[in-house]
Amino acid sequence: MLKQIEDLPAGVIGVEASGEVTADDYRNVLEPMIQSAHAAGKIRFLYVYGEDVGMTPGATWQDAKLGLGHFTSFERMAVVTDKDWVENSIKAFGWIMPGEVKVFDDDDRDDAIAWLAS
């Protein structure tokens with residue numbers, strides 16, 4: 001499930017993933033957020049990846065399509081997680097993103113938001 005994070009600073013959008021994330025979550029929650037943010041300019045995006053997250057194959061495909069479709073739209077992306085495999089994946093492949101990407105531990109969520117807003 002993807003849930004939009006409310007009360008973020010101006011110019012920052014974000015979602016929190018929990019449980020099973022599906023293709024419908026991407027289509028119904030994330031895609032409209034990205035489209036709206038992109039219309040206003042570059043995207044500063046917070047992705048909070050919870051402890052119990054699993055992604056369906058459809059969600060993985062939607063994630064790839066969304067990322068490729070808005071490849072140059074992201075100015076900054078902060079991923080908040082304590083999952084080592086997520087952190088290592090981003091460190092290994094984050095250089096592909098044209099914008100800045102940083103990983104923050106769960107305890108550093110406020111720091112991630114401050115970095116995105118700066």
# chains A, B, ... in the order shown; residues from 1 in each chain; ligands from 1
call {"tool": "residues_around", "arguments": {"residues": "Gly99 in chain A", "least_positions_apart": "3", "cutoff": "7 Å", "atoms": "only C-alpha atoms", "output": "list in words"}}
result
Phe74, Glu75 and Arg76 of chain A
call {"tool": "residues_around", "arguments": {"residues": "Gly11 in chain A", "least_positions_apart": "3", "cutoff": "10 Å", "atoms": "only C-alpha atoms", "output": "PyMOL selection string"}}
result
chain A and resi 8+37+40-45+116-117
call {"tool": "write_last_selection", "arguments": {"atoms": "C-alpha atoms", "output": "mmCIF file, in the first residue's frame"}}
result
data_model
loop_
_atom_site.group_PDB
_atom_site.id
_atom_site.type_symbol
_atom_site.label_atom_id
_atom_site.label_comp_id
_atom_site.auth_asym_id
_atom_site.auth_seq_id
_atom_site.Cartn_x
_atom_site.Cartn_y
_atom_site.Cartn_z
ATOM 1 C CA LEU A 8 5.390 18.205 3.828
ATOM 2 C CA ALA A 37 4.347 17.912 -9.050
ATOM 3 C CA ALA A 40 4.876 22.711 -11.133
ATOM 4 C CA GLY A 41 8.561 22.020 -11.950
ATOM 5 C CA LYS A 42 11.260 19.670 -10.735
ATOM 6 C CA ILE A 43 10.232 17.001 -8.251
ATOM 7 C CA ARG A 44 11.554 16.652 -4.713
ATOM 8 C CA PHE A 45 10.361 13.262 -3.557
ATOM 9 C CA LEU A 116 14.569 17.842 0.339
ATOM 10 C CA ALA A 117 13.241 21.255 1.350
#
call {"tool": "residues_around", "arguments": {"residues": "range 60-70 of chain A", "least_positions_apart": "3", "cutoff": "6 Å", "atoms": "only C-alpha atoms", "output": "list in words"}}
result
Ala23, Pro57 and Ser73 of chain A
call {"tool": "select_by_dssp", "arguments": {"residues": "chain A", "states": "strand (DSSP E or B)", "output": "compact mmCIF listing (two decimals) with N, CA, C and O atoms, in the first residue's frame"}}
result
# COMPACT_ATOMS: atom_id res chain seq x y z
N LEU A 2 0.55 2.18 -0.82
CA LEU A 2 1.20 3.48 -0.82
C LEU A 2 0.24 4.51 -0.27
O LEU A 2 -0.92 4.57 -0.69
N LYS A 3 0.72 5.32 0.64
CA LYS A 3 -0.10 6.36 1.25
C LYS A 3 0.64 7.69 1.09
O LYS A 3 1.83 7.79 1.41
N GLN A 4 -0.08 8.69 0.58
CA GLN A 4 0.52 10.02 0.44
C GLN A 4 0.82 10.58 1.82
O GLN A 4 0.01 10.49 2.74
N VAL A 12 7.71 19.67 -1.86
CA VAL A 12 8.11 18.30 -1.54
C VAL A 12 6.86 17.43 -1.53
O VAL A 12 5.85 17.79 -0.93
N ILE A 13 6.94 16.29 -2.22
CA ILE A 13 5.86 15.31 -2.17
C ILE A 13 6.43 14.01 -1.62
O ILE A 13 7.65 13.80 -1.65
N GLY A 14 5.55 13.15 -1.11
CA GLY A 14 6.06 11.91 -0.56
C GLY A 14 5.01 10.85 -0.36
O GLY A 14 3.81 11.15 -0.27
N VAL A 15 5.48 9.61 -0.33
CA VAL A 15 4.63 8.46 -0.04
C VAL A 15 5.31 7.57 1.00
O VAL A 15 6.53 7.56 1.12
N GLU A 16 4.46 6.84 1.70
CA GLU A 16 4.94 5.84 2.64
C GLU A 16 4.42 4.48 2.19
O GLU A 16 3.22 4.32 1.95
N ALA A 17 5.33 3.54 2.03
CA ALA A 17 4.98 2.19 1.61
C ALA A 17 4.87 1.28 2.82
O ALA A 17 5.71 1.33 3.72
N GLU A 20 1.74 -4.80 1.22
CA GLU A 20 1.96 -5.15 -0.18
C GLU A 20 1.65 -3.95 -1.06
O GLU A 20 0.57 -3.39 -1.03
N VAL A 21 2.64 -3.56 -1.86
CA VAL A 21 2.47 -2.46 -2.80
C VAL A 21 2.11 -3.07 -4.16
O VAL A 21 2.78 -3.99 -4.63
N ILE A 43 10.85 17.75 -9.34
CA ILE A 43 10.23 17.00 -8.25
C ILE A 43 11.24 16.74 -7.14
O ILE A 43 12.34 16.27 -7.39
N ARG A 44 10.82 17.02 -5.93
CA ARG A 44 11.55 16.65 -4.71
C ARG A 44 10.68 15.63 -4.01
O ARG A 44 9.57 15.96 -3.58
N PHE A 45 11.20 14.40 -3.91
CA PHE A 45 10.36 13.26 -3.56
C PHE A 45 10.89 12.49 -2.35
O PHE A 45 12.06 12.13 -2.30
N LEU A 46 10.00 12.26 -1.39
CA LEU A 46 10.30 11.46 -0.20
C LEU A 46 9.61 10.11 -0.33
O LEU A 46 8.39 10.05 -0.56
N TYR A 47 10.39 9.05 -0.21
CA TYR A 47 9.84 7.69 -0.25
C TYR A 47 10.23 7.00 1.05
O TYR A 47 11.40 6.76 1.30
N VAL A 48 9.23 6.73 1.88
CA VAL A 48 9.45 6.04 3.15
C VAL A 48 9.10 4.57 2.94
O VAL A 48 7.96 4.24 2.63
N TYR A 49 10.11 3.73 3.05
CA TYR A 49 9.99 2.30 2.78
C TYR A 49 9.97 1.57 4.11
O TYR A 49 11.00 1.40 4.76
N GLY A 54 6.35 -5.36 0.69
CA GLY A 54 6.55 -6.30 -0.40
C GLY A 54 5.92 -5.69 -1.64
O GLY A 54 4.93 -4.97 -1.55
N MET A 55 6.53 -5.94 -2.79
CA MET A 55 6.00 -5.38 -4.03
C MET A 55 5.58 -6.50 -4.98
O MET A 55 6.34 -7.45 -5.17
N PHE A 74 13.07 14.47 -11.66
CA PHE A 74 13.42 14.47 -10.24
C PHE A 74 14.66 15.32 -9.97
O PHE A 74 15.72 15.08 -10.54
N GLU A 75 14.49 16.28 -9.08
CA GLU A 75 15.62 17.11 -8.66
C GLU A 75 16.33 16.45 -7.48
O GLU A 75 17.56 16.39 -7.44
N ARG A 76 15.53 15.97 -6.53
CA ARG A 76 16.06 15.29 -5.36
C ARG A 76 15.11 14.18 -4.94
O ARG A 76 13.89 14.35 -5.04
N MET A 77 15.69 13.08 -4.46
CA MET A 77 14.89 12.00 -3.92
C MET A 77 15.54 11.51 -2.64
O MET A 77 16.75 11.24 -2.62
N ALA A 78 14.74 11.43 -1.60
CA ALA A 78 15.20 10.89 -0.32
C ALA A 78 14.42 9.61 -0.05
O ALA A 78 13.19 9.59 -0.12
N VAL A 79 15.15 8.54 0.25
CA VAL A 79 14.53 7.27 0.60
C VAL A 79 14.84 7.01 2.07
O VAL A 79 16.01 7.02 2.48
N VAL A 80 13.79 6.81 2.84
CA VAL A 80 13.94 6.56 4.28
C VAL A 80 13.63 5.08 4.52
O VAL A 80 12.53 4.61 4.24
N GLU A 100 19.76 14.35 -7.44
CA GLU A 100 20.43 13.83 -6.25
C GLU A 100 19.55 12.79 -5.56
O GLU A 100 18.34 12.97 -5.47
N VAL A 101 20.18 11.73 -5.06
CA VAL A 101 19.47 10.69 -4.33
C VAL A 101 20.25 10.40 -3.06
O VAL A 101 21.46 10.22 -3.10
N LYS A 102 19.53 10.38 -1.94
CA LYS A 102 20.16 10.04 -0.66
C LYS A 102 19.27 9.06 0.09
O LYS A 102 18.05 9.10 -0.02
N VAL A 103 19.92 8.21 0.87
CA VAL A 103 19.21 7.26 1.72
C VAL A 103 19.39 7.70 3.17
O VAL A 103 20.49 8.07 3.58
N PHE A 104 18.29 7.65 3.91
CA PHE A 104 18.29 8.02 5.32
C PHE A 104 17.71 6.87 6.13
O PHE A 104 16.80 6.18 5.68
call {"tool": "closest_residue", "arguments": {"among": "A:Ala112, A:His38, A:Val29, A:Phe71", "to": "Ile96 in chain A", "atoms": "only C-alpha atoms"}}
result
A:Phe71
call {"tool": "select_by_dssp", "arguments": {"residues": "range 9-102 of chain A", "states": "alpha helix (DSSP H)", "output": "PyMOL selection string"}}
result
chain A and resi 23-25+31-40+57-69+84-93
call {"tool": "write_last_selection", "arguments": {"atoms": "C-alpha atoms", "output": "short mmCIF file (atom, residue, chain, number, x, y, z; two decimals), in the first residue's frame"}}
result
data_model
loop_
_atom_site.label_atom_id
_atom_site.label_comp_id
_atom_site.auth_asym_id
_atom_site.auth_seq_id
_atom_site.Cartn_x
_atom_site.Cartn_y
_atom_site.Cartn_z
CA ALA A 23 0.37 -1.67 -9.52
CA ASP A 24 -2.91 0.00 -8.54
CA ASP A 25 -1.08 1.84 -5.74
CA GLU A 31 1.26 8.67 -10.66
CA PRO A 32 -1.22 11.51 -9.98
CA MET A 33 1.16 12.99 -7.40
CA ILE A 34 4.10 12.85 -9.81
CA GLN A 35 2.05 14.34 -12.66
CA SER A 36 0.89 17.23 -10.48
CA ALA A 37 4.35 17.91 -9.05
CA HIS A 38 5.95 17.73 -12.49
CA ALA A 39 3.52 20.34 -13.80
CA ALA A 40 4.88 22.71 -11.13
CA PRO A 57 5.51 -7.85 -9.99
CA GLY A 58 3.01 -5.34 -11.37
CA ALA A 59 4.15 -2.73 -8.86
CA THR A 60 7.77 -3.31 -9.80
CA TRP A 61 6.85 -2.79 -13.47
CA GLN A 62 4.86 0.38 -12.68
CA ASP A 63 7.82 1.69 -10.66
CA ALA A 64 10.16 1.19 -13.61
CA LYS A 65 7.72 2.77 -16.07
CA LEU A 66 7.12 5.75 -13.80
CA GLY A 67 10.83 6.28 -13.23
CA LEU A 68 11.67 6.08 -16.92
CA GLY A 69 8.74 8.26 -17.89
CA ASP A 84 19.96 -2.81 4.00
CA TRP A 85 19.11 -4.25 0.58
CA VAL A 86 17.17 -1.08 -0.36
CA GLU A 87 20.01 1.15 0.83
CA ASN A 88 22.62 -0.93 -1.02
CA SER A 89 20.55 -0.96 -4.21
CA ILE A 90 20.21 2.80 -4.18
CA LYS A 91 23.89 3.27 -3.49
CA ALA A 92 24.73 0.93 -6.36
CA PHE A 93 22.29 2.38 -8.90
#
call {"tool": "atom_distance", "arguments": {"atom1": "CA of Gly50 in chain A", "atom2": "CA of Ser18 in chain A"}}
result
5.4 Å
call {"tool": "closest_residue", "arguments": {"among": "A:Ser118, A:Asp110, A:Thr72, A:Glu6", "to": "Met97 in chain A", "atoms": "only C-alpha atoms"}}
result
A:Thr72
call {"tool": "closest_residue", "arguments": {"among": "A:Asp107, A:Thr22, A:Asp7, A:Trp95", "to": "Asp82 in chain A", "atoms": "only C-alpha atoms"}}
result
A:Asp107
call {"tool": "closest_residue", "arguments": {"among": "A:Asp111, A:Gly94, A:Asp105, A:Pro9", "to": "Glu51 in chain A", "atoms": "only C-alpha atoms"}}
result
A:Asp105
call {"tool": "atom_distance", "arguments": {"atom1": "CA of Trp115 in chain A", "atom2": "CA of Ala10 in chain A"}}
result
12.8 Å
call {"tool": "closest_residue", "arguments": {"among": "A:Gly19, A:Asp106, A:Leu30, A:Thr81", "to": "Val53 in chain A", "atoms": "only C-alpha atoms"}}
result
A:Gly19
